[in-house]
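Data block below; observations after.
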Amino acid sequence: MSLGAPAADDLQPASFAFTPENRARVETILQRYPADRQDSAVLPLLDLAQRQHDNWLPRAAMDHVAEILDMPKIRVYEVASFYTMLNKAPVAKHFVQICRTTPCWLCGSDEVERAVRETTGAAPGETVGDFTVVEVECLGACVNAPMVQINDDYYEDLDYHRTVQVLEALKRGETPAIGSQTGRHGSEPAGGATTLTKLRPAGTAG
Amino acid sequence: MPKLTIDDMEIEVEAGTSVLQACERLGIEIPRFCYHDRLSVPANCRMCLVEMEKSPKPIASCAMPASEGMVIHTDSELTRNARRGVMEFLLINHPLDCPICDQGGECDLQDQAMAYGFDHSRFQENKRAVTEKYLGPLIKTFMTRCIHCTRCVRFADEIAGVPEMGATGRGEHMEIGTYIEQAITSEMSGNMIDICPVGALTSKPYQFHARPWELKRVETIDVLDAVGSNVRVDARGGEVMRVLPRLHEDVNEEWISDKTRFAYDGLKRRRLDRPYVRGADGKLKQATWSEAFAALAARLNGVPGDRIAAIAGDLVDVEAVVALKDLMAALGSPHTDCRQDGAAIGGGPRAGYLFNTSIAGIEDADAVLLVGANPRHEATLINARIRKTWLASDARAPLPVAQIGEAVDLTFRTQHLGTGPETLQAVADGAHPFFQVLKDAERPMIVVGMGALARPDGAAVLATARRLAESVGAIGDDWCGFNVLHAAAGRVGALDAGFLPGPGGRDVAGILNGAREGALDLVWLFGADELDMSAFGAPGEGPVVVYQGHHGDRGAARADIILPGAAYTEKAATYVSLEGRVQQARQAVFPPGEAREDWKILRALSEPLGHRLPYDTLAQLRARMVDLNPVFGRINTLVPVDWGAFGADGAMDAAPFVGPVANYYMTDPISRASETMARCVDEILGGQRAAAE
């Protein structure tokens, strides 16, 4: 299967329409663009459609977006197939994207992948139970490498055990804390802040 | 007017000219793949890189506007290296399968790799492979060969107006195709094969049938619609292998419709290849020419001219029509007609049945009204011109195009005013708002199709449309906005030859009625198949039916005597296109078996009938044609026409206009005999994919 190919026919729903709440959001999104540049709304609308439809985009949804924007269907397919964050085939409840670009790899993404594989039973590219696992290129969190993205959330500063903990928590139906799994704040230095250590009261000079 | 220097030559060009075009004007060849003069410029293949002084990098000449003081080098070391580098990248993923590729021998990539590339590759890794795409019954894909120039995508978007092709995926995984598997639903899709610079899109019916250097090329004229597209017929032995477009800026530019391109296999099937005579047992039997002539002479013996009639069909050439007209006159018959569909045209001034604006003239129009016309199916390239004009117009105030008749998708935005004559009447009376649009336009066009004219009230419709054209100022000294849209290639030529009922003569409806009533003893069907054959009764009853033509279609099925003629690729013949352009077709192959050129059949036949026609050579016949109508001597020119009154006053029926082309892919005996066209009907119109791929 080539990247971005549509899902098989038997997986495609017959129709798709935005829910009334999302329809209202569509109107808001459309207002952000000038009247003769409405095509620009294609990405936000595809994202909205994907969120409404179990995190993947069926053909009917792409067609629906094309219809709303009055643009040829193929133009929507081109956009949808270009962006890897738009899923063209069904994914499980937890969509695990393992970053394997150089910084993460140097910091141990191989171990993270092993943890994912052993905990979920799914190798990259596979779906087992509630987990779909894929390998992706840089997700832009190199300072907190290695990391995975699960649905919309980043889980950072992983190693084998911390990855297993996150996944086990998801399996139990819990919501693990997002961000760094070592407890560091944002992407501050791993050993704690080295500068601006004292909070300055608001409004004071210097 | 920027002045620039290219390879030490100075040239001054209009502002907006690209460097590539400036080079071309100096006769310097710039290699290119994605650039095409009739498409937008994406500058993505990079093959046209040239060196520009003061620029650190070579520039893409197709997208760089020429500007004052530029100094360009098209044959410098930098340029040559840039081309070699681009070519090496292009060939990284291109397979080395030229020996089995249909494009081999006429391939831009092959030629340019020879001229501008390296002699070897440094690429060691695996080449990528791409799955084949299904684009319908006409286009075969080998997507591994695709170099992503996107010409086909832009053609579908811009020229054909069916945005169905696209580039999906990205990077190494980018693929050209339709994403969702489907047949391309354009009547011009075959042109993608021509503009594809590699062998990624090739002709499905032609695949693996011939190599370009084996073919004999004959430049001729197409007759499958009335546009008069200039084509090149490529033949090998006695067989037409393919049909390609030929450049004619004023007619078809460099495109042709799919029917023109792909219906040629119909020339090999269901052909009449020897004369037949119906025997006493009611069965058609093979005969020699002399037996057929003798049978015909026997049937005509003693029959008064008033009981003989002739109908000319849609694909007839002027030579044969003139010969038949002369023969009928010699036999004393006034019952001749060339309007199988009963269209109420002809007889009056030439302006009354021509596409007066001319095809190239469409580009000057600023408002269009289509009356009972579906140019997309009746004259595809006229539709492409209207689309071109519409696209070129200001997007905020696009060319207004309105339809009266069936609401059809013409690949551009139209306004549907109504379905029948009452809407036309309202516009003509000025009661409809579109009247004002036409009135305000400087060069309005009114196009009347056969859907509005081939009906009992056709003459009244024609007169109404004429009055509308006059009242909105569409008729002027330098602009004639009244147009008749023909669908039959032989029609205008036959009208120019005056193949119409003589004094007291019957028209087509009259001939059919006469046959029903027993008022006729012999009816000559010259390539006329689109008639109600039941009028002639069963063989043995009714009049004797003579069919002269090239295909065993409806006419031949009823005929008592069959005279096998030549199809358009098999004779030197004259055709007049719908805009009144006289063009000469050339012979590419010989007619099959005993079949002969039609005028020769008539000339040979005239002798045993005792009315020897006075021409023995084509030159003599053509001199006779010019005598009859001087227009036939004005090859490939548009002769100015005089405006006059035509049409007839009368009440118009309320019935809606219905176009003559119900099935675009099958409109005449040739396309009905074509397997490729049958596949188009199944897969494009029916939307089914053939099980056997």
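For the structure tokens, the naming scheme is as follows: chains receive sequential letters (A, B, ...) according to their order of presentation, residues are indexed from 1 within each chain, and ligands are indexed from 1 in presentation order.
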
Q) What residues in chain A have any atom no more than 8 Å from chain B when counting only C-alpha atoms, and can you write them as a list in words? A)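 Residues passing the distance filter: Ser2, Leu3, Gly4, Ala5, Pro6, Pro72, Lys73, Ile74, Arg75, Tyr77, Glu78, Val79, Ser81, Phe82 and Tyr83 of chain A.
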
Can you write out the residues you just picked, keeping all heavy atoms, as a compact mmCIF listing (two decimals), in the first residue's frame?
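In the end it all went to out_10.txt:
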```txt
# COMPACT_ATOMS: atom_id res chain seq x y z
N SER A 2 0.57 2.11 -0.91
CA SER A 2 1.38 3.31 -0.93
C SER A 2 0.86 4.30 0.10
O SER A 2 -0.29 4.23 0.52
CB SER A 2 1.35 3.93 -2.32
OG SER A 2 0.03 4.29 -2.64
N LEU A 3 1.73 5.20 0.47
CA LEU A 3 1.37 6.18 1.49
C LEU A 3 0.17 6.99 1.03
O LEU A 3 0.12 7.46 -0.09
CB LEU A 3 2.56 7.11 1.68
CG LEU A 3 2.49 8.06 2.85
CD1 LEU A 3 2.95 7.35 4.10
CD2 LEU A 3 3.35 9.27 2.58
N GLY A 4 -0.79 7.16 1.89
CA GLY A 4 -1.89 8.05 1.57
C GLY A 4 -2.94 7.43 0.67
O GLY A 4 -3.82 8.14 0.19
N ALA A 5 -2.87 6.12 0.43
CA ALA A 5 -3.91 5.50 -0.39
C ALA A 5 -5.19 5.39 0.42
O ALA A 5 -5.14 5.28 1.65
CB ALA A 5 -3.45 4.14 -0.86
N PRO A 6 -6.34 5.42 -0.24
CA PRO A 6 -7.59 5.34 0.51
C PRO A 6 -7.80 3.94 1.09
O PRO A 6 -7.24 2.97 0.60
CB PRO A 6 -8.65 5.66 -0.54
CG PRO A 6 -8.03 5.30 -1.84
CD PRO A 6 -6.56 5.52 -1.69
N PRO A 72 -12.96 20.81 -6.59
CA PRO A 72 -12.96 19.45 -7.13
C PRO A 72 -12.49 18.44 -6.07
O PRO A 72 -11.59 18.75 -5.27
CB PRO A 72 -11.96 19.52 -8.28
CG PRO A 72 -11.88 20.96 -8.64
CD PRO A 72 -12.13 21.71 -7.38
N LYS A 73 -13.11 17.26 -6.09
CA LYS A 73 -12.76 16.26 -5.08
C LYS A 73 -11.27 15.94 -5.09
O LYS A 73 -10.66 15.77 -4.05
CB LYS A 73 -13.55 14.98 -5.35
CG LYS A 73 -15.03 15.11 -5.07
CD LYS A 73 -15.72 13.83 -5.46
CE LYS A 73 -17.23 13.98 -5.31
NZ LYS A 73 -17.93 12.79 -5.80
N ILE A 74 -10.71 15.86 -6.30
CA ILE A 74 -9.31 15.44 -6.38
C ILE A 74 -8.40 16.42 -5.65
O ILE A 74 -7.38 16.05 -5.09
CB ILE A 74 -8.87 15.24 -7.85
CG1 ILE A 74 -7.44 14.73 -7.98
CG2 ILE A 74 -9.01 16.53 -8.65
CD1 ILE A 74 -7.24 13.33 -7.57
N ARG A 75 -8.80 17.71 -5.63
CA ARG A 75 -7.96 18.71 -4.94
C ARG A 75 -7.95 18.41 -3.43
O ARG A 75 -6.94 18.60 -2.76
CB ARG A 75 -8.49 20.12 -5.19
CG ARG A 75 -8.45 20.56 -6.65
CD ARG A 75 -7.04 20.94 -7.11
NE ARG A 75 -6.36 19.82 -7.75
CZ ARG A 75 -6.52 19.46 -9.02
NH1 ARG A 75 -7.29 20.15 -9.81
NH2 ARG A 75 -5.87 18.42 -9.51
N TYR A 77 -8.45 15.34 -2.17
CA TYR A 77 -7.68 14.10 -2.01
C TYR A 77 -6.18 14.40 -2.00
O TYR A 77 -5.41 13.79 -1.27
CB TYR A 77 -7.96 13.12 -3.17
CG TYR A 77 -9.40 12.69 -3.33
CD1 TYR A 77 -9.87 12.29 -4.57
CD2 TYR A 77 -10.28 12.67 -2.25
CE1 TYR A 77 -11.18 11.89 -4.75
CE2 TYR A 77 -11.60 12.28 -2.43
CZ TYR A 77 -12.05 11.89 -3.69
OH TYR A 77 -13.34 11.50 -3.86
N GLU A 78 -5.77 15.33 -2.85
CA GLU A 78 -4.34 15.67 -2.92
C GLU A 78 -3.85 16.18 -1.57
O GLU A 78 -2.81 15.75 -1.07
CB GLU A 78 -4.11 16.76 -3.97
CG GLU A 78 -4.13 16.25 -5.39
CD GLU A 78 -3.91 17.35 -6.42
OE1 GLU A 78 -4.35 18.50 -6.20
OE2 GLU A 78 -3.31 17.08 -7.45
N VAL A 79 -4.64 17.08 -0.97
CA VAL A 79 -4.24 17.64 0.33
C VAL A 79 -4.24 16.53 1.39
O VAL A 79 -3.29 16.37 2.15
CB VAL A 79 -5.20 18.78 0.74
CG1 VAL A 79 -4.95 19.21 2.16
CG2 VAL A 79 -5.05 19.94 -0.22
N SER A 81 -3.98 13.35 1.10
CA SER A 81 -2.96 12.31 0.96
C SER A 81 -1.57 12.85 1.22
O SER A 81 -0.64 12.12 1.52
CB SER A 81 -3.04 11.67 -0.43
OG SER A 81 -2.70 12.63 -1.42
N PHE A 82 -1.41 14.16 1.13
CA PHE A 82 -0.09 14.77 1.35
C PHE A 82 0.27 14.75 2.83
O PHE A 82 1.40 14.46 3.20
CB PHE A 82 -0.10 16.21 0.84
CG PHE A 82 1.24 16.90 0.92
CD1 PHE A 82 2.13 16.83 -0.12
CD2 PHE A 82 1.60 17.62 2.07
CE1 PHE A 82 3.36 17.45 -0.05
CE2 PHE A 82 2.83 18.25 2.14
CZ PHE A 82 3.71 18.16 1.07
N TYR A 83 -0.70 15.04 3.69
CA TYR A 83 -0.40 15.20 5.11
C TYR A 83 -0.56 13.89 5.85
O TYR A 83 -1.64 13.29 5.86
CB TYR A 83 -1.32 16.27 5.72
CG TYR A 83 -0.94 17.65 5.26
CD1 TYR A 83 -1.65 18.29 4.27
CD2 TYR A 83 0.17 18.28 5.79
CE1 TYR A 83 -1.28 19.54 3.82
CE2 TYR A 83 0.54 19.53 5.35
CZ TYR A 83 -0.18 20.16 4.37
OH TYR A 83 0.21 21.38 3.93
```

Q. Which neighbours of stretch 516-526 of chain B fall inside 10 Å, counting only C-alpha atoms, when residues of the same chain fewer than 6 positions from it are skipped, and could you give them as a PyMOL selection string?
A. chain B and resi 296+299-300+303-316+320-321+324+328+335-336+338+510+534-537+541-550+555-556+559-563+565+598

Q) Within 6 Å of stretch 138-154 of chain A, counting only C-alpha atoms, which residues qualify if same-chain residues fewer than 5 places away don't, as an MDAnalysis selection string? A) chainID A and resid 95:99 101 103:104 107 109 179

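A straight line drawn from atom CA of B:Asp627 to atom CA of B:Ala572 is 19.2 Å long.
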
Q: Taking the DSSP assignment computed from this structure's backbone, write out as an NGL selection string all residues of stretch 32-204 of chain A that belong to strand (DSSP E or B).
A: :A and (94-99 or 126-128 or 131-136 or 148-150 or 153-156 or 179-180)

Write to file, as an mmCIF file, in the first residue's frame, the residues of the selection just made, with N, CA, C and O atoms.
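Output saved as result-v3.cif:
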```cif
data_model
loop_
_atom_site.group_PDB
_atom_site.id
_atom_site.type_symbol
_atom_site.label_atom_id
_atom_site.label_comp_id
_atom_site.auth_asym_id
_atom_site.auth_seq_id
_atom_site.Cartn_x
_atom_site.Cartn_y
_atom_site.Cartn_z
ATOM 1 N N HIS A 94 -6.267 4.145 20.490
ATOM 2 C CA HIS A 94 -5.002 4.815 20.825
ATOM 3 C C HIS A 94 -4.081 4.749 19.619
ATOM 4 O O HIS A 94 -3.651 3.666 19.222
ATOM 5 N N PHE A 95 -3.800 5.908 19.037
ATOM 6 C CA PHE A 95 -2.973 5.972 17.828
ATOM 7 C C PHE A 95 -1.574 6.402 18.252
ATOM 8 O O PHE A 95 -1.334 7.557 18.586
ATOM 9 N N VAL A 96 -0.660 5.425 18.334
ATOM 10 C CA VAL A 96 0.668 5.653 18.898
ATOM 11 C C VAL A 96 1.657 5.943 17.777
ATOM 12 O O VAL A 96 1.861 5.113 16.893
ATOM 13 N N GLN A 97 2.257 7.146 17.809
ATOM 14 C CA GLN A 97 3.247 7.504 16.788
ATOM 15 C C GLN A 97 4.607 7.606 17.462
ATOM 16 O O GLN A 97 4.821 8.478 18.303
ATOM 17 N N ILE A 98 5.505 6.717 17.105
ATOM 18 C CA ILE A 98 6.829 6.697 17.720
ATOM 19 C C ILE A 98 7.775 7.525 16.866
ATOM 20 O O ILE A 98 7.968 7.231 15.687
ATOM 21 N N CYS A 99 8.367 8.538 17.470
ATOM 22 C CA CYS A 99 9.335 9.338 16.728
ATOM 23 C C CYS A 99 10.652 8.583 16.649
ATOM 24 O O CYS A 99 11.135 8.069 17.652
ATOM 25 N N GLU A 126 1.090 -1.755 12.498
ATOM 26 C CA GLU A 126 0.059 -2.743 12.812
ATOM 27 C C GLU A 126 -0.963 -2.184 13.801
ATOM 28 O O GLU A 126 -0.704 -1.206 14.502
ATOM 29 N N THR A 127 -2.110 -2.839 13.831
ATOM 30 C CA THR A 127 -3.133 -2.518 14.814
ATOM 31 C C THR A 127 -3.437 -3.782 15.595
ATOM 32 O O THR A 127 -3.714 -4.820 15.000
ATOM 33 N N VAL A 128 -3.326 -3.698 16.935
ATOM 34 C CA VAL A 128 -3.718 -4.828 17.781
ATOM 35 C C VAL A 128 -4.600 -4.267 18.882
ATOM 36 O O VAL A 128 -4.190 -3.349 19.598
ATOM 37 N N PHE A 131 -4.781 -0.501 20.056
ATOM 38 C CA PHE A 131 -3.585 0.264 19.689
ATOM 39 C C PHE A 131 -3.236 0.135 18.220
ATOM 40 O O PHE A 131 -3.186 -0.962 17.661
ATOM 41 N N THR A 132 -3.027 1.287 17.580
ATOM 42 C CA THR A 132 -2.414 1.320 16.253
ATOM 43 C C THR A 132 -1.056 1.980 16.429
ATOM 44 O O THR A 132 -0.957 3.036 17.067
ATOM 45 N N VAL A 133 -0.008 1.332 15.924
ATOM 46 C CA VAL A 133 1.342 1.837 16.125
ATOM 47 C C VAL A 133 1.954 2.197 14.781
ATOM 48 O O VAL A 133 1.855 1.431 13.824
ATOM 49 N N VAL A 134 2.528 3.393 14.703
ATOM 50 C CA VAL A 134 3.280 3.759 13.499
ATOM 51 C C VAL A 134 4.573 4.448 13.907
ATOM 52 O O VAL A 134 4.687 5.008 14.998
ATOM 53 N N GLU A 135 5.558 4.358 13.044
ATOM 54 C CA GLU A 135 6.790 5.118 13.209
ATOM 55 C C GLU A 135 6.645 6.405 12.414
ATOM 56 O O GLU A 135 6.122 6.377 11.297
ATOM 57 N N VAL A 136 7.070 7.513 12.983
ATOM 58 C CA VAL A 136 6.973 8.769 12.244
ATOM 59 C C VAL A 136 8.306 9.500 12.302
ATOM 60 O O VAL A 136 9.198 9.149 13.087
ATOM 61 N N VAL A 148 6.802 9.735 22.263
ATOM 62 C CA VAL A 148 5.758 9.221 21.371
ATOM 63 C C VAL A 148 4.577 10.186 21.433
ATOM 64 O O VAL A 148 4.407 10.909 22.420
ATOM 65 N N GLN A 149 3.806 10.174 20.362
ATOM 66 C CA GLN A 149 2.552 10.915 20.378
ATOM 67 C C GLN A 149 1.424 9.902 20.364
ATOM 68 O O GLN A 149 1.394 8.990 19.538
ATOM 69 N N ILE A 150 0.503 10.027 21.324
ATOM 70 C CA ILE A 150 -0.658 9.147 21.343
ATOM 71 C C ILE A 150 -1.887 10.023 21.197
ATOM 72 O O ILE A 150 -2.145 10.896 22.039
ATOM 73 N N ASP A 153 -1.743 13.770 22.263
ATOM 74 C CA ASP A 153 -0.858 14.085 23.392
ATOM 75 C C ASP A 153 0.562 13.574 23.187
ATOM 76 O O ASP A 153 0.785 12.503 22.639
ATOM 77 N N TYR A 154 1.512 14.387 23.696
ATOM 78 C CA TYR A 154 2.928 14.006 23.663
ATOM 79 C C TYR A 154 3.296 13.376 25.002
ATOM 80 O O TYR A 154 2.950 13.886 26.066
ATOM 81 N N TYR A 155 4.042 12.267 24.946
ATOM 82 C CA TYR A 155 4.624 11.642 26.141
ATOM 83 C C TYR A 155 6.124 11.635 25.919
ATOM 84 O O TYR A 155 6.612 11.017 24.974
ATOM 85 N N GLU A 156 6.848 12.358 26.824
ATOM 86 C CA GLU A 156 8.241 12.672 26.540
ATOM 87 C C GLU A 156 9.161 12.099 27.605
ATOM 88 O O GLU A 156 8.714 11.608 28.639
ATOM 89 N N GLY A 179 3.097 14.972 28.625
ATOM 90 C CA GLY A 179 4.349 15.712 28.724
ATOM 91 C C GLY A 179 5.461 14.818 29.243
ATOM 92 O O GLY A 179 5.438 13.596 29.080
ATOM 93 N N SER A 180 6.413 15.468 29.908
ATOM 94 C CA SER A 180 7.584 14.731 30.373
ATOM 95 C C SER A 180 7.193 13.688 31.407
ATOM 96 O O SER A 180 6.424 13.959 32.331
#
```

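In terms of minimum interatomic distance to B:Met192, B:His36 ranks closest within B:Val626, B:His36, B:Lys285, B:Asp119, counting only C-alpha atoms.
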
Q.
Considering only helix (DSSP H, G or I) as DSSP defines it on the backbone, what residues of stretch 94-246 of chain B qualify? List them as a PyMOL selection string.
A. chain B and resi 98-100+108-116+143-145+151-160+171-173+191-195+212-214

Q.
For B:Phe482, find every residue with an atom within 10 Å (counting only C-alpha atoms), except residues of its own chain fewer than 4 positions away, and show them as a PyMOL selection string.
A. chain B and resi 351-357+369+444-448+465-470+474-475+643

Residues just named, written with N, CA and C atoms as a PDB file, in the first residue's frame:
```pdb
ATOM      1  N   ALA B 351     -24.949  32.194 -44.681  1.00  0.00           N
ATOM      2  CA  ALA B 351     -24.885  32.580 -43.270  1.00  0.00           C
ATOM      3  C   ALA B 351     -25.931  31.845 -42.452  1.00  0.00           C
ATOM      4  N   GLY B 352     -26.975  31.345 -43.094  1.00  0.00           N
ATOM      5  CA  GLY B 352     -28.057  30.699 -42.379  1.00  0.00           C
ATOM      6  C   GLY B 352     -27.751  29.287 -41.930  1.00  0.00           C
ATOM      7  N   TYR B 353     -26.639  28.714 -42.368  1.00  0.00           N
ATOM      8  CA  TYR B 353     -26.316  27.372 -41.881  1.00  0.00           C
ATOM      9  C   TYR B 353     -24.850  27.214 -41.476  1.00  0.00           C
ATOM     10  N   LEU B 354     -24.139  28.306 -41.335  1.00  0.00           N
ATOM     11  CA  LEU B 354     -22.735  28.196 -40.943  1.00  0.00           C
ATOM     12  C   LEU B 354     -22.533  28.634 -39.498  1.00  0.00           C
ATOM     13  N   PHE B 355     -21.385  28.230 -38.964  1.00  0.00           N
ATOM     14  CA  PHE B 355     -20.930  28.724 -37.673  1.00  0.00           C
ATOM     15  C   PHE B 355     -20.158  30.008 -37.985  1.00  0.00           C
ATOM     16  N   ASN B 356     -20.911  31.107 -38.148  1.00  0.00           N
ATOM     17  CA  ASN B 356     -20.347  32.311 -38.774  1.00  0.00           C
ATOM     18  C   ASN B 356     -19.252  32.987 -37.971  1.00  0.00           C
ATOM     19  N   THR B 357     -19.340  32.863 -36.650  1.00  0.00           N
ATOM     20  CA  THR B 357     -18.334  33.522 -35.807  1.00  0.00           C
ATOM     21  C   THR B 357     -16.949  32.952 -36.075  1.00  0.00           C
ATOM     22  N   LEU B 369     -25.117  32.499 -26.096  1.00  0.00           N
ATOM     23  CA  LEU B 369     -26.400  31.856 -25.839  1.00  0.00           C
ATOM     24  C   LEU B 369     -26.459  30.580 -26.678  1.00  0.00           C
ATOM     25  N   PRO B 444     -21.780  39.482 -29.058  1.00  0.00           N
ATOM     26  CA  PRO B 444     -22.535  38.331 -28.550  1.00  0.00           C
ATOM     27  C   PRO B 444     -22.587  37.193 -29.583  1.00  0.00           C
ATOM     28  N   MET B 445     -22.700  35.998 -29.077  1.00  0.00           N
ATOM     29  CA  MET B 445     -22.801  34.821 -29.952  1.00  0.00           C
ATOM     30  C   MET B 445     -24.096  34.087 -29.637  1.00  0.00           C
ATOM     31  N   ILE B 446     -24.795  33.683 -30.689  1.00  0.00           N
ATOM     32  CA  ILE B 446     -25.968  32.838 -30.509  1.00  0.00           C
ATOM     33  C   ILE B 446     -25.693  31.559 -31.286  1.00  0.00           C
ATOM     34  N   VAL B 447     -25.735  30.438 -30.605  1.00  0.00           N
ATOM     35  CA  VAL B 447     -25.416  29.165 -31.237  1.00  0.00           C
ATOM     36  C   VAL B 447     -26.679  28.318 -31.244  1.00  0.00           C
ATOM     37  N   VAL B 448     -27.144  27.985 -32.434  1.00  0.00           N
ATOM     38  CA  VAL B 448     -28.360  27.192 -32.554  1.00  0.00           C
ATOM     39  C   VAL B 448     -27.963  25.780 -32.965  1.00  0.00           C
ATOM     40  N   ALA B 465     -34.342  32.837 -33.852  1.00  0.00           N
ATOM     41  CA  ALA B 465     -32.949  33.035 -33.454  1.00  0.00           C
ATOM     42  C   ALA B 465     -32.292  34.103 -34.321  1.00  0.00           C
ATOM     43  N   ARG B 466     -32.639  34.119 -35.607  1.00  0.00           N
ATOM     44  CA  ARG B 466     -32.063  35.134 -36.496  1.00  0.00           C
ATOM     45  C   ARG B 466     -32.508  36.533 -36.060  1.00  0.00           C
ATOM     46  N   ARG B 467     -33.813  36.662 -35.763  1.00  0.00           N
ATOM     47  CA  ARG B 467     -34.307  37.981 -35.345  1.00  0.00           C
ATOM     48  C   ARG B 467     -33.656  38.417 -34.038  1.00  0.00           C
ATOM     49  N   LEU B 468     -33.442  37.420 -33.138  1.00  0.00           N
ATOM     50  CA  LEU B 468     -32.767  37.746 -31.872  1.00  0.00           C
ATOM     51  C   LEU B 468     -31.359  38.258 -32.168  1.00  0.00           C
ATOM     52  N   ALA B 469     -30.651  37.553 -33.054  1.00  0.00           N
ATOM     53  CA  ALA B 469     -29.284  37.968 -33.385  1.00  0.00           C
ATOM     54  C   ALA B 469     -29.290  39.380 -33.949  1.00  0.00           C
ATOM     55  N   GLU B 470     -30.272  39.669 -34.806  1.00  0.00           N
ATOM     56  CA  GLU B 470     -30.321  41.003 -35.409  1.00  0.00           C
ATOM     57  C   GLU B 470     -30.646  42.066 -34.357  1.00  0.00           C
ATOM     58  N   ALA B 474     -25.899  41.376 -32.964  1.00  0.00           N
ATOM     59  CA  ALA B 474     -24.875  40.349 -33.151  1.00  0.00           C
ATOM     60  C   ALA B 474     -24.380  40.313 -34.591  1.00  0.00           C
ATOM     61  N   ILE B 475     -25.066  41.041 -35.473  1.00  0.00           N
ATOM     62  CA  ILE B 475     -24.662  41.015 -36.875  1.00  0.00           C
ATOM     63  C   ILE B 475     -24.092  42.378 -37.222  1.00  0.00           C
ATOM     64  N   TRP B 643     -25.189  38.405 -45.128  1.00  0.00           N
ATOM     65  CA  TRP B 643     -26.336  38.193 -44.251  1.00  0.00           C
ATOM     66  C   TRP B 643     -27.615  38.307 -45.074  1.00  0.00           C
TER      67      TRP B 643
END
```

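The closest residue to B:Leu495, picked from B:Val322, B:Ala528, B:Lys388, B:Leu331 and counting only C-alpha atoms, is B:Val322.
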
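Considering only C-alpha atoms, the residue among B:Gly161, B:Leu138, B:Leu370, B:Ala619 positioned nearest to B:Glu675 is B:Leu138.
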
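All residues of protein, DNA or RNA that reach within 9 Å of stretch 33-48 of chain A, judged by only C-alpha atoms and not counting those fewer than 2 positions away in the chain, are Phe18, Asn22, Arg25, Val26, Ile29, Leu30, Gln31, Gln50, Arg51, Gln52, His53, Asn55, Leu57, Ala61, Met62, Val65, Ala66, Leu69, Asp70, Met71, Val76, Val79, Ala80, Met85 and Leu86 of chain A.
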